[in-house]
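Q: Have a look at this one.
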Amino acid sequence: MPGNPALVAVAHGSRDPRSAATVAALVAEVRRQRPGLDVRLSFLDLSAPRLPDVLDGVAADGHRHAVVVPLLLG
């Protein structure tokens, strides 16, 4: 829905693939609970996709706004 803002979750990123799997599962649950919301996952470092690339994709898909939510889990 390009008229609505996208939700972009941004995590640290890690060399440990379990970290990306954990945040991906969290984002999948948000998508399940909000099926009409464009929810995307991004990372600051060490994992893909990187935040700038995701934001470029959000704009390319016609969104004028995005809400970026930090998932900086310790």
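Just so we're on the same page: first chain in the structure tokens is A, next is B, and so on; residues restart at 1 for each chain, and ligands are numbered from 1 in the order they show up.
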Where does DSSP see helix (DSSP H, G or I) in chain A, if you list the residues as a ChimeraX atom specification?
A: /A:17-33,51-60
Q: Please list as a ChimeraX atom specification every residue within 8 Å of segment 11-21 of chain A, counting only C-alpha atoms and excluding residues in the same chain fewer than 5 positions away.
A: /A:41-48,70-73
Q: I need the residues from that last selection saved to file as a tab-separated table (two decimals), in the first residue's frame (with all heavy atoms), if you can.
A:
```
chain	number	residue	atom	x	y	z
A	41	LEU	N	12.51	-5.73	6.97
A	41	LEU	CA	13.61	-5.93	7.90
A	41	LEU	C	14.89	-5.40	7.29
A	41	LEU	O	15.14	-5.58	6.10
A	41	LEU	CB	13.77	-7.43	8.21
A	41	LEU	CG	14.94	-7.84	9.09
A	41	LEU	CD1	14.89	-7.16	10.45
A	41	LEU	CD2	14.97	-9.35	9.24
A	42	SER	N	15.70	-4.75	8.12
A	42	SER	CA	16.99	-4.24	7.66
A	42	SER	C	18.00	-4.37	8.81
A	42	SER	O	17.64	-4.60	9.96
A	42	SER	CB	16.88	-2.78	7.22
A	42	SER	OG	16.59	-1.95	8.33
A	43	PHE	N	19.26	-4.20	8.44
A	43	PHE	CA	20.35	-4.32	9.41
A	43	PHE	C	21.32	-3.15	9.26
A	43	PHE	O	21.50	-2.62	8.16
A	43	PHE	CB	21.10	-5.63	9.19
A	43	PHE	CG	20.24	-6.85	9.42
A	43	PHE	CD1	19.56	-7.44	8.38
A	43	PHE	CD2	20.10	-7.38	10.70
A	43	PHE	CE1	18.77	-8.55	8.58
A	43	PHE	CE2	19.29	-8.49	10.92
A	43	PHE	CZ	18.63	-9.07	9.85
A	44	LEU	N	21.96	-2.79	10.37
A	44	LEU	CA	22.96	-1.73	10.34
A	44	LEU	C	24.29	-2.21	9.78
A	44	LEU	O	24.99	-1.47	9.11
A	44	LEU	CB	23.18	-1.16	11.75
A	44	LEU	CG	22.00	-0.43	12.36
A	44	LEU	CD1	22.33	-0.01	13.79
A	44	LEU	CD2	21.62	0.78	11.52
A	45	ASP	N	24.66	-3.46	10.09
A	45	ASP	CA	25.98	-3.95	9.72
A	45	ASP	C	25.99	-5.48	9.77
A	45	ASP	O	25.18	-6.08	10.47
A	45	ASP	CB	27.01	-3.38	10.70
A	45	ASP	CG	28.43	-3.44	10.18
A	45	ASP	OD1	28.64	-3.64	8.98
A	45	ASP	OD2	29.35	-3.27	11.01
A	46	LEU	N	26.90	-6.08	9.06
A	46	LEU	CA	27.21	-7.51	9.10
A	46	LEU	C	26.13	-8.45	8.57
A	46	LEU	O	26.36	-9.64	8.44
A	46	LEU	CB	27.59	-7.95	10.53
A	46	LEU	CG	28.77	-7.21	11.16
A	46	LEU	CD1	28.92	-7.61	12.61
A	46	LEU	CD2	30.05	-7.46	10.39
A	47	SER	N	24.96	-7.96	8.30
A	47	SER	CA	23.86	-8.78	7.77
A	47	SER	C	23.17	-8.00	6.66
A	47	SER	O	23.29	-6.77	6.58
A	47	SER	CB	22.84	-9.13	8.86
A	47	SER	OG	23.44	-9.88	9.89
A	48	ALA	N	22.47	-8.70	5.83
A	48	ALA	CA	21.73	-8.06	4.74
A	48	ALA	C	20.25	-8.36	4.90
A	48	ALA	O	19.89	-9.38	5.49
A	48	ALA	CB	22.23	-8.58	3.40
A	70	PRO	N	13.80	0.70	15.77
A	70	PRO	CA	15.02	0.01	16.14
A	70	PRO	C	14.72	-1.32	16.85
A	70	PRO	O	13.90	-1.37	17.75
A	70	PRO	CB	15.73	0.97	17.08
A	70	PRO	CG	14.64	1.85	17.63
A	70	PRO	CD	13.56	1.88	16.58
A	71	LEU	N	15.37	-2.38	16.38
A	71	LEU	CA	15.30	-3.68	17.05
A	71	LEU	C	16.72	-3.99	17.56
A	71	LEU	O	17.34	-4.95	17.17
A	71	LEU	CB	14.87	-4.78	16.08
A	71	LEU	CG	13.45	-4.72	15.57
A	71	LEU	CD1	13.18	-5.89	14.64
A	71	LEU	CD2	12.47	-4.75	16.73
A	72	LEU	N	17.20	-3.13	18.40
A	72	LEU	CA	18.57	-3.25	18.88
A	72	LEU	C	18.55	-4.07	20.16
A	72	LEU	O	18.57	-3.57	21.28
A	72	LEU	CB	19.15	-1.85	19.09
A	72	LEU	CG	19.06	-0.96	17.85
A	72	LEU	CD1	19.58	0.45	18.13
A	72	LEU	CD2	19.77	-1.57	16.66
A	73	LEU	N	18.45	-5.39	19.94
A	73	LEU	CA	18.32	-6.34	21.04
A	73	LEU	C	19.68	-6.72	21.57
A	73	LEU	O	20.62	-6.93	20.80
A	73	LEU	CB	17.57	-7.59	20.56
A	73	LEU	CG	16.23	-7.32	19.85
A	73	LEU	CD1	15.69	-8.62	19.27
A	73	LEU	CD2	15.24	-6.71	20.81
```
Q: For a quick check of understanding, using only C-alpha atoms, which of A:Val39, A:Leu51, A:Ala66, A:Ala60 has the smallest distance to Val27 of chain A?
A: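 Of the candidates, the smallest distance to Val27 of chain A is held by A:Val39.
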Q: Among chain A, which residues does DSSP mark as strand (DSSP E) when it is run on the backbone? Keep the chain and numbering as in the structure and answer as a ChimeraX atom specification.
A: /A:6-11,39-43,66-71
Q: Which residues, written as a list in words, have at least one atom at most 8 Å from Gly3 of chain A, with only C-alpha atoms counted and residues fewer than 6 positions away on the same chain left out?
A: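 In the requested format, the answer is Gly62, His63 and Arg64 of chain A.
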Q: Leaving out Pro5 of chain A and any residue of its chain fewer than 2 positions from it, which residues lie within 12 Å of it when counting only C-alpha atoms, given as a list in words?
A: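 Here the qualifying residues turn out to be Met1, Pro2, Gly3, Leu7, Val8, Gly36, Leu37, Asp38, Val39, Arg40, Leu55, Val58, Ala59, Asp61, Gly62, His63, Arg64, His65, Ala66, Val67 and Val68 of chain A.
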